[in-house]
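Read the structure below first, then the notes.
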2 protein chains.
Amino acid sequence: MLLTDRQLLILQVIVDDFIRSAQPVGSRSLSKKEEISFSSATIRNEMSDLEDLGFIEKTHTSSGRVPSEKGYRYYVDHLLSPQVLNQQDVSIIQSIFAEKIFEFEKIIQRSAKILSELTNYTSIVLGPAVSINKLKRIQIIPLNKETAVAIFVTDTGHVENRTFSIPASVDAGDLEKTVNILNDRLAGVPLDDLNDKIYKEVAMLLRQHIHNYDLMLHTIADSLKMPIHEKLFFGGKTNMLSQPEFHDISKIRSLLMMIDQEEWIYNLIRKNSAGIHVKIGRENNNSAMENCSLITATYSAGQEKLGTIAILGPTRMEYSRVISLLKFLSKDLSEVLTKLYQNI
Amino acid sequence: MLLTDRQLLILQVIVDDFIRSAQPVGSRSLSKKEEISFSSATIRNEMSDLEDLGFIEKTHTSSGRVPSEKGYRYYVDHLLSPQVLNQQDVSIIQSIFAEKIFEFEKIIQRSAKILSELTNYTSIVLGPAVSINKLKRIQIIPLNKETAVAIFVTDTGHVENRTFSIPASVDAGDLEKTVNILNDRLAGVPLDDLNDKIYKEVAMLLRQHIHNYDLMLHTIADSLKMPIHEKLFFGGKTNMLSQPEFHDISKIRSLLMMIDQEEWIYNLIRKNSAGIHVKIGRENNNSAMENCSLITATYSAGQEKLGTIAILGPTRMEYSRVISLLKFLSKDLSEVLTKLYQNI
DNA sequence: AATTAGCACTCGGCAACAAGGAGTGCTAAC
DNA sequence: GTTAGCACTCCTTGTTGCCGAGTGCTAATT
C-alpha cells in the first residue's frame, strides 16, 4: 500500500493548503499550484484513490477534500519539511532568557506566554518535578502555641510549606530537637523518599530524644503526605476562540472546560518520554480534543528529564513551525537549566 | 419623575421575567401573570412611559421590552426582594468550612469553586492582602556558594520566598549575623513597611557588624522590592459560555481575554469598600463587560478588611440570589478568619 | 379621566424556492 | 496514462411569502 510520488505530492499540497486556508481543497485549485503540473482530472483520480486509502475526506458529496486524521499522521511522519525559524522568532525566544533568573517558575511562565504569542495556539508548560529534588533544609517556625509552619527547601531553591497544629504535649525544645534531627538525617534525600526515610530512620532517633515522639512523627509525616504535583502553566487559553473550526460554541465550551480541569492535560502531558511527540485528534483519547492536536517536547537538566512544553492547536495546525519552535525552545530551556543545576 | 406603584410593579415583573427567560417581554404575556390584573393595553401604555423614562428598551420596533442598564440599576436599588437561601445552598456553603483548615488559600479556592457552581456564573475571589501581615521570621538558606533563598514567614503562616545571589564578599558568618539582626529588628513589622524599616533601622546595625554591609543591605532590600500582589482565584471561567447573551464568539472572546488578563479584574475588585456592591454593564468602564454585571462583597478578620469575593455574570443575572449568597458566604468567611486570626 | 377592546402595522423567523458556484465522477478522446 | 468535457450534487446566497408576537393608536366602555 505504498503511495506513488505523485500521490505523496498531492497529499502534501492538500494538507499544506488546508492548514493555510481552512477550506476544503478542490482539484481545480490544486492544478493551478506551481508544484503541480498535471490536470485537474488527473488530480481528481488521485484524490479518489487517496480517499479510498483513508488519507483525505470529503465534507459532503461534491466538496473538496480535507485531510483525515490518518492523513495528518502520514503528513507529520513522512512529509514534513522542517521549517527554519526566522531570525525574529529566534530572538523572541531568546529574550526569555535575557534577564538573569533564579526561579524557573518565572522562566517557565514566560516561555508559555511567548510560545502562545508566537503560534497563536494554546501553550502548556509542565513545571519541573519538585518531588525528585533533594531536601536542603527543613525549618519549623511556630506561629503560636498551637500551630506552626514547616518549611522545606530543596537544593534547587524550591520552597514548600505546610501549616500544622502542634501536639499539645510537644514543647519548644522538642520542636527544635526534632528539626535538628530531621535536618541531620534528611538533607540530600529526594522529597519523594522523605516519608519512607522518616519512618525507617528518623523514628528511632526521635524516640530516643523526644518525649511524645510518635505524635510528633505523625504530624510531620502528615504534612508531607500531600503529593507535590508539578505545576501547569498556560498561555493563550483564549487563542482557540479565533480558530475557524471552533465557531461552534459547544465545542469551545467542552475544550475550555477540559483545559480548566487541568487534570486531563496533566495526564496527557506528564508521561511523555524525551523528544517531540505529536498526537492528532482522537489519538488524544478525549472527546473534547477531537479537533485538536497536541505537540509535546521535554526539557531537561543534564540527563534528567524535568518537564514538558506543549502546544495545543487545531488538527489543522502548523505542525512544521510548531515543531521547530518547540525543538528550539526545549533545547534552550534545557541548556539554561543544566547550567543552573550544575551550580547546585 | 417618581414612578407610580403600577409602573414599579410592571418594571419589576419585566426584569424578573427577563432574568428568567432571556426573552423580551411583551404586554400580553405580562397581562397573564398573577400579580397583574389589568389589560395588555394598559400595560402597553405604561411600558411606553417606562421606555420614555429610559428603564426599558425595545430590541426592534415591534418587539417586547428588555430592561435597560438604568432599569437594572433601579431594580437593584429599589425593587429587589431579598431572597432567602434554601437549606441546600446553606449547607453547601458551610461544607467549605467543614474540614479543619490552616491555610486560607485552600478555603478561598474552595469558596470560588462552590460559588461558581451554585450560581453558574464566574466567581472571583481576591485573596487576603499579604502585605499587611506582620513578619514572624526571616530565614536565609544558602543553596551553594553563590545563591541563597530568603524566606519570609508572616504571623498568619503565609510564606514568601526569594532566591538571590550572595555578594562575593559575604561569608557564611556574615549571613548568619545578618539574619539574626533582621529577625531581631523586623519581627512584628508589616511586610509593607519592611523596606523602610530596613533602611532606617537595620542599616546602622549592619554597618557595625558586617564587613561589606551595604552590598548585603541592597541585596536583601532588593528581594523585598517586588510588590506582593494579592492573589486572584477564579471559579467557573467557562460558565459564561452557556449564557445566551454570549452566543456571539467575539463577545465571549473579549470577555475571556479580559478575565485571563487578571489586571482589569484586579483593579475592578480591589478598591471596594466594605459591603455589597453591584456594578451593572458599562458602570464597569470596560467594553468587554458591557453585557456583564459584577457583584462584590468583602470579607474581613475582626475589623480589618482582608479581601473580596465577587460574581461576574450577565447583566441579566439573578441579582437577588447572588447577593444573598455573597452576603452569606462573606459573613461565614469573615467569622472563620476572625477566629483564625485571633489565635495569632 | 382612566381603562380596555379592536385593528392596522412592523419586524423577526422560518420555509420554500431559484440561481450560481465549486466540486466530483464518469466517459470518451487524445 | 492523461485530459477534456459533461452531467450531477450539494452548499451558499438571495428572494419571496407567510406566520406570530408585539406595538401604537383610536374609539368605545366604565
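Residues in the C-alpha cells are numbered from 1 in each chain, the chains being A, B, ... in the order shown, and ligands are numbered from 1 in the order shown.
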Per residue of chain A within 12 Å of chain C, note the shortest atom pair and the distance in Å to one decimal, counting only C-alpha atoms (C1' of nucleotides), and order the rows by chain and increasing residue number, as CSV.
```
residue,atom,partner,partner_atom,distance
A:Gln23,CA,C:DA22,C1',11.8
A:Pro24,CA,C:DG23,C1',9.9
A:Val25,CA,C:DG23,C1',9.3
A:Gly26,CA,C:DG23,C1',6.4
A:Ser27,CA,C:DG23,C1',7.9
A:Arg28,CA,C:DG23,C1',8.5
A:Ser29,CA,C:DA22,C1',10.0
A:Ser40,CA,C:DT24,C1',11.0
A:Ala41,CA,C:DG25,C1',9.9
A:Thr42,CA,C:DG25,C1',12.0
A:Ile43,CA,C:DT24,C1',11.3
A:Arg44,CA,C:DT24,C1',7.8
A:Asn45,CA,C:DG25,C1',8.9
A:Met47,CA,C:DT24,C1',10.4
A:Ser48,CA,C:DG25,C1',9.2
A:Lys58,CA,C:DT24,C1',10.1
A:Thr59,CA,C:DG23,C1',11.2
A:His60,CA,C:DG23,C1',9.9
A:Thr61,CA,C:DT24,C1',7.4
A:Ser62,CA,C:DG23,C1',5.0
A:Ser63,CA,C:DG23,C1',5.2
A:Gly64,CA,C:DG23,C1',6.0
A:Arg65,CA,C:DG23,C1',9.5
```
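Running DSSP on the backbone and keeping only alpha helix (DSSP H), the residues of segment 133-215 of chain A that qualify are A:Ala172, A:Gly173, A:Asp174, A:Leu175, A:Glu176, A:Lys177, A:Thr178, A:Val179, A:Asn180, A:Ile181, A:Leu182, A:Asn183, A:Asp184, A:Arg185, A:Leu186, A:Leu194, A:Asn195, A:Asp196, A:Lys197, A:Ala203, A:Met204, A:Leu205, A:Leu206, A:Arg207, A:Gln208, A:His209, A:Tyr213, A:Asp214, A:Leu215.
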### Query
Which chain B residues are at most 8 Å from chain A (counting only C-alpha atoms), as a list in words?
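Output check: Phe102, Glu103, Lys136, Arg137, Ile141, Leu143, Asn144, Ala148, Val149, Asp155, Thr156, Gly157, Val159, Asn161, Thr163, Phe164, Thr238, Leu241, His247, Ile249, Arg253, Leu256, Met257, Asn343 and Ile344 of chain B.
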### Query
When DSSP works through the backbone of this structure, what residues of segment 98-305 of chain B end up as strand (DSSP E or B), shown as a PyMOL selection string?
chain B and resi 122-126+134-142+147-154+159-165+190+232-235+277-280+292-301+304-305
### Query
What is the distance between atom CA of Leu11 of chain A and atom CA of Phe328 of chain A, in Å to one decimal?
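Separation of atom CA of Leu11 of chain A and atom CA of Phe328 of chain A: 27.5 Å.
Computed from the coordinates, the atom CA of Cys292 of chain A to atom CA of Val66 of chain A distance equals 14.9 Å.
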Check which residues of chain D sit at most 7 Å from chain A using only C-alpha atoms (C1' of nucleotides), and return one row each with the closest pair of atoms and their distance in Å to one decimal, ordered by chain and rising number, as JSON lines.
```
{"residue": "D:DT2", "atom": "C1'", "partner": "A:Thr42", "partner_atom": "CA", "distance": 6.7}
{"residue": "D:DT3", "atom": "C1'", "partner": "A:Ala41", "partner_atom": "CA", "distance": 6.5}
{"residue": "D:DT9", "atom": "C1'", "partner": "A:Ser62", "partner_atom": "CA", "distance": 5.7}
{"residue": "D:DC10", "atom": "C1'", "partner": "A:Ser62", "partner_atom": "CA", "distance": 5.9}
```
Could you write those residues out with C-alpha atoms (C1' of nucleotides), as a PDB file, in the first residue's frame?
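Dumped everything to part-v3.pdb:
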```pdb
ATOM      1  C1'  DT D   2      -3.635  11.672 -19.201  1.00  0.00           C
ATOM      2  C1'  DT D   3      -7.004  15.038 -20.119  1.00  0.00           C
ATOM      3  C1'  DT D   9     -24.536  17.016  -6.423  1.00  0.00           C
ATOM      4  C1'  DC D  10     -24.582  19.931  -2.780  1.00  0.00           C
TER       5       DC D  10
END
```
### Query
Quick one: distance from atom CA of Pro190 of chain B to atom CA of Asn133 of chain B in Å, one decimal?
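Atom-to-atom, atom CA of Pro190 of chain B and atom CA of Asn133 of chain B are spaced 5.2 Å apart.
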